[in-house]
Amino acid sequence: MTNFRKIAVATSLALAVIVPMASTSIAYAASAGDLDRDSEQALNTLYRANPTAELLSHHARAVLIFPNIVKAGLVFGAAYGEGELKKGHAVEGYYNSLTGSWGLQAGAQSYSYVVFLMSKKAVRYIHESKGLEIGVGPTVVVVDEGVAKNLSSSTLKDDAYAFIFSQQGLMAGVSIEGTKISRINR
């Protein structure tokens with residue numbers, strides 16, 4: 001099989017996965033009650049696994065919680081999930097997270113992520129823009145074990161801190177990726 005045919009087959013397979021995911025996301029949208037319950041459970045899981053996240057929650061102006069993101073790809077990839085924005089204990093709105101990617105990649109996985117919005121600028125940006133684009137707008141720091149060890153209430157200087165956790169499945173490769181978080185109506 002020629003390289004062109006391999007790429008065409010891989011692209012077709014990826015599109016077969018991605019298009020149904022994107023086009024039926026509204027039909028399979030979780031109810032507000034389901035998102036509230038799943039988000040609370042995801043936060044508790046994160047706090048048990050990473051005490052630094054709980055420390056950040058006490059200083060955050062708002063918290064974006066995505067309890068279940070599903071990602072799949074083969075050359076082209078996509079990820080989708082729904083979540084909520086909380087200020088204190090009150091839900092301020094519901095959001096979706098949509099990621100597109102292209103590159104050397106193959107596999108499928110699910111994961112959760114939480115973004116702690118630390119500044120007025122970050123909260124205002126998500127309310128006033130047509131969605132938060134990771135890499136555009138406020139500075140978002142992805143927290144791994146090394147970063148978490150050095151965070152304290154006196155070192156919090158960035159607009160937002162993101163934690164990715166509860167990963168299941170296998171996704172391998174190198175790709176260019178972009179994520180957009182947009183408000184949805186419930």
# chains A, B, ... in the order shown; residues from 1 in each chain; ligands from 1
>>> residues_around(residues="range 83-95 of chain A", least_positions_apart="3", cutoff="6 Å", atoms="only C-alpha atoms", output="PyMOL selection string")
chain A and resi 62-66+182-184
>>> residues_around(residues="Ala49 in chain A", least_positions_apart="5", cutoff="10 Å", atoms="only C-alpha atoms", output="PyMOL selection string")
chain A and resi 43-44+54+165-166
>>> write_last_selection(atoms="C-alpha atoms", output="short mmCIF file (atom, residue, chain, number, x, y, z; two decimals), in the first residue's frame")
data_model
loop_
_atom_site.label_atom_id
_atom_site.label_comp_id
_atom_site.auth_asym_id
_atom_site.auth_seq_id
_atom_site.Cartn_x
_atom_site.Cartn_y
_atom_site.Cartn_z
CA LEU A 43 -13.33 17.58 42.27
CA ASN A 44 -13.28 15.22 45.25
CA GLU A 54 -7.53 21.89 47.13
CA PHE A 165 -6.35 13.48 36.04
CA SER A 166 -8.23 10.13 35.97
#
>>> residues_around(residues="Ala106 in chain A", least_positions_apart="5", cutoff="6 Å", atoms="only C-alpha atoms", output="CSV table (one decimal) with C-alpha atoms, in the first residue's frame")
chain,number,residue,atom,x,y,z
A,73,GLY,CA,-7.4,10.1,17.1
A,74,LEU,CA,-5.6,8.6,14.2
A,171,MET,CA,-3.2,7.8,23.3
A,172,ALA,CA,0.3,8.1,21.8
>>> closest_residue(among="A:Val114, A:Gly81, A:Val70, A:Asp34", to="Leu46 in chain A", atoms="only C-alpha atoms")
A:Val114
>>> atom_distance(atom1="CA of Gln167 in chain A", atom2="CA of Ser110 in chain A")
5.7 Å
>>> select_by_dssp(residues="range 19-126 of chain A", states="helix (DSSP H, G or I)", output="ChimeraX atom specification")
/A:19-23,32-49,51-59,120-126
>>> write_last_selection(atoms="N, CA and C atoms", output="mmCIF file, in the first residue's frame")
data_model
loop_
_atom_site.group_PDB
_atom_site.id
_atom_site.type_symbol
_atom_site.label_atom_id
_atom_site.label_comp_id
_atom_site.auth_asym_id
_atom_site.auth_seq_id
_atom_site.Cartn_x
_atom_site.Cartn_y
_atom_site.Cartn_z
ATOM 1 N N VAL A 19 -16.371 12.662 13.406
ATOM 2 C CA VAL A 19 -17.616 13.266 12.944
ATOM 3 C C VAL A 19 -18.808 12.844 13.796
ATOM 4 N N PRO A 20 -19.009 11.562 14.095
ATOM 5 C CA PRO A 20 -20.125 11.210 14.967
ATOM 6 C C PRO A 20 -19.990 11.835 16.362
ATOM 7 N N MET A 21 -18.770 11.933 16.867
ATOM 8 C CA MET A 21 -18.553 12.534 18.179
ATOM 9 C C MET A 21 -19.020 13.979 18.178
ATOM 10 N N ALA A 22 -18.632 14.735 17.164
ATOM 11 C CA ALA A 22 -18.971 16.157 17.109
ATOM 12 C C ALA A 22 -20.441 16.375 16.782
ATOM 13 N N SER A 23 -20.991 15.598 15.863
ATOM 14 C CA SER A 23 -22.355 15.851 15.423
ATOM 15 C C SER A 23 -23.413 15.357 16.401
ATOM 16 N N ALA A 32 -28.172 18.848 33.573
ATOM 17 C CA ALA A 32 -27.505 19.713 34.552
ATOM 18 C C ALA A 32 -27.262 18.954 35.854
ATOM 19 N N GLY A 33 -28.225 18.157 36.281
ATOM 20 C CA GLY A 33 -28.064 17.373 37.505
ATOM 21 C C GLY A 33 -26.926 16.368 37.400
ATOM 22 N N ASP A 34 -26.815 15.715 36.235
ATOM 23 C CA ASP A 34 -25.721 14.767 36.022
ATOM 24 C C ASP A 34 -24.370 15.478 36.055
ATOM 25 N N LEU A 35 -24.290 16.634 35.400
ATOM 26 C CA LEU A 35 -23.032 17.385 35.390
ATOM 27 C C LEU A 35 -22.670 17.868 36.787
ATOM 28 N N ASP A 36 -23.661 18.319 37.545
ATOM 29 C CA ASP A 36 -23.399 18.764 38.920
ATOM 30 C C ASP A 36 -22.816 17.628 39.752
ATOM 31 N N ARG A 37 -23.433 16.472 39.680
ATOM 32 C CA ARG A 37 -22.987 15.303 40.450
ATOM 33 C C ARG A 37 -21.609 14.829 39.993
ATOM 34 N N ASP A 38 -21.435 14.703 38.682
ATOM 35 C CA ASP A 38 -20.159 14.231 38.146
ATOM 36 C C ASP A 38 -19.025 15.225 38.423
ATOM 37 N N SER A 39 -19.320 16.510 38.365
ATOM 38 C CA SER A 39 -18.314 17.538 38.634
ATOM 39 C C SER A 39 -17.879 17.506 40.088
ATOM 40 N N GLU A 40 -18.823 17.359 40.985
ATOM 41 C CA GLU A 40 -18.490 17.283 42.409
ATOM 42 C C GLU A 40 -17.634 16.051 42.696
ATOM 43 N N GLN A 41 -17.977 14.938 42.089
ATOM 44 C CA GLN A 41 -17.211 13.709 42.268
ATOM 45 C C GLN A 41 -15.793 13.875 41.695
ATOM 46 N N ALA A 42 -15.664 14.519 40.534
ATOM 47 C CA ALA A 42 -14.352 14.736 39.932
ATOM 48 C C ALA A 42 -13.492 15.632 40.821
ATOM 49 N N LEU A 43 -14.077 16.697 41.370
ATOM 50 C CA LEU A 43 -13.332 17.575 42.275
ATOM 51 C C LEU A 43 -12.824 16.815 43.492
ATOM 52 N N ASN A 44 -13.683 16.003 44.076
ATOM 53 C CA ASN A 44 -13.279 15.217 45.246
ATOM 54 C C ASN A 44 -12.148 14.247 44.904
ATOM 55 N N THR A 45 -12.210 13.634 43.727
ATOM 56 C CA THR A 45 -11.149 12.736 43.274
ATOM 57 C C THR A 45 -9.832 13.499 43.125
ATOM 58 N N LEU A 46 -9.897 14.688 42.519
ATOM 59 C CA LEU A 46 -8.703 15.508 42.350
ATOM 60 C C LEU A 46 -8.115 15.910 43.701
ATOM 61 N N TYR A 47 -8.955 16.353 44.625
ATOM 62 C CA TYR A 47 -8.470 16.805 45.934
ATOM 63 C C TYR A 47 -7.814 15.666 46.718
ATOM 64 N N ARG A 48 -8.363 14.452 46.604
ATOM 65 C CA ARG A 48 -7.750 13.301 47.282
ATOM 66 C C ARG A 48 -6.383 12.971 46.680
ATOM 67 N N ALA A 49 -6.270 13.079 45.366
ATOM 68 C CA ALA A 49 -5.031 12.720 44.679
ATOM 69 C C ALA A 49 -3.979 13.828 44.742
ATOM 70 N N PRO A 51 -3.403 17.315 46.971
ATOM 71 C CA PRO A 51 -3.776 18.331 47.965
ATOM 72 C C PRO A 51 -3.504 19.770 47.513
ATOM 73 N N THR A 52 -2.543 19.958 46.601
ATOM 74 C CA THR A 52 -2.270 21.304 46.084
ATOM 75 C C THR A 52 -3.487 21.863 45.362
ATOM 76 N N ALA A 53 -4.236 21.005 44.689
ATOM 77 C CA ALA A 53 -5.440 21.453 43.994
ATOM 78 C C ALA A 53 -6.451 22.024 44.982
ATOM 79 N N GLU A 54 -6.600 21.369 46.119
ATOM 80 C CA GLU A 54 -7.529 21.885 47.131
ATOM 81 C C GLU A 54 -7.045 23.227 47.671
ATOM 82 N N LEU A 55 -5.754 23.395 47.841
ATOM 83 C CA LEU A 55 -5.191 24.681 48.258
ATOM 84 C C LEU A 55 -5.551 25.766 47.245
ATOM 85 N N LEU A 56 -5.377 25.454 45.960
ATOM 86 C CA LEU A 56 -5.723 26.422 44.914
ATOM 87 C C LEU A 56 -7.192 26.791 44.954
ATOM 88 N N SER A 57 -8.050 25.834 45.256
ATOM 89 C CA SER A 57 -9.489 26.097 45.260
ATOM 90 C C SER A 57 -9.865 27.181 46.264
ATOM 91 N N HIS A 58 -9.107 27.304 47.357
ATOM 92 C CA HIS A 58 -9.401 28.322 48.373
ATOM 93 C C HIS A 58 -9.037 29.723 47.898
ATOM 94 N N HIS A 59 -8.199 29.829 46.876
ATOM 95 C CA HIS A 59 -7.760 31.127 46.364
ATOM 96 C C HIS A 59 -8.369 31.452 45.002
ATOM 97 N N LYS A 120 -9.361 38.051 38.256
ATOM 98 C CA LYS A 120 -10.578 38.659 37.699
ATOM 99 C C LYS A 120 -10.504 38.643 36.178
ATOM 100 N N LYS A 121 -9.303 38.865 35.653
ATOM 101 C CA LYS A 121 -9.087 38.864 34.205
ATOM 102 C C LYS A 121 -9.519 37.538 33.581
ATOM 103 N N ALA A 122 -9.140 36.418 34.198
ATOM 104 C CA ALA A 122 -9.477 35.095 33.659
ATOM 105 C C ALA A 122 -10.989 34.842 33.701
ATOM 106 N N VAL A 123 -11.627 35.229 34.797
ATOM 107 C CA VAL A 123 -13.083 35.035 34.916
ATOM 108 C C VAL A 123 -13.803 35.930 33.922
ATOM 109 N N ARG A 124 -13.377 37.180 33.817
ATOM 110 C CA ARG A 124 -13.994 38.122 32.876
ATOM 111 C C ARG A 124 -13.831 37.618 31.443
ATOM 112 N N TYR A 125 -12.649 37.083 31.133
ATOM 113 C CA TYR A 125 -12.383 36.586 29.784
ATOM 114 C C TYR A 125 -13.351 35.469 29.397
ATOM 115 N N ILE A 126 -13.580 34.551 30.304
ATOM 116 C CA ILE A 126 -14.477 33.428 29.964
ATOM 117 C C ILE A 126 -15.925 33.897 29.831
#
>>> closest_residue(among="A:Asn96, A:Leu104, A:Ala60, A:Met118", to="Val75 in chain A", atoms="only C-alpha atoms")
A:Leu104
>>> closest_residue(among="A:Asn68, A:Gly100, A:Tyr113, A:Phe76", to="Glu177 in chain A", atoms="only C-alpha atoms")
A:Gly100
>>> closest_residue(among="A:Ile164, A:Gly169, A:Lys180, A:Ser175", to="Gly77 in chain A", atoms="only C-alpha atoms")
A:Ser175
>>> atom_distance(atom1="CA of Tyr80 in chain A", atom2="CA of Ala30 in chain A")
12.4 Å
>>> select_by_dssp(residues="range 24-144 of chain A", states="strand (DSSP E or B)", output="PyMOL selection string")
chain A and resi 62-87+90-117+132-133+140-142
>>> atom_distance(atom1="CA of Trp102 in chain A", atom2="CA of Thr179 in chain A")
12.4 Å
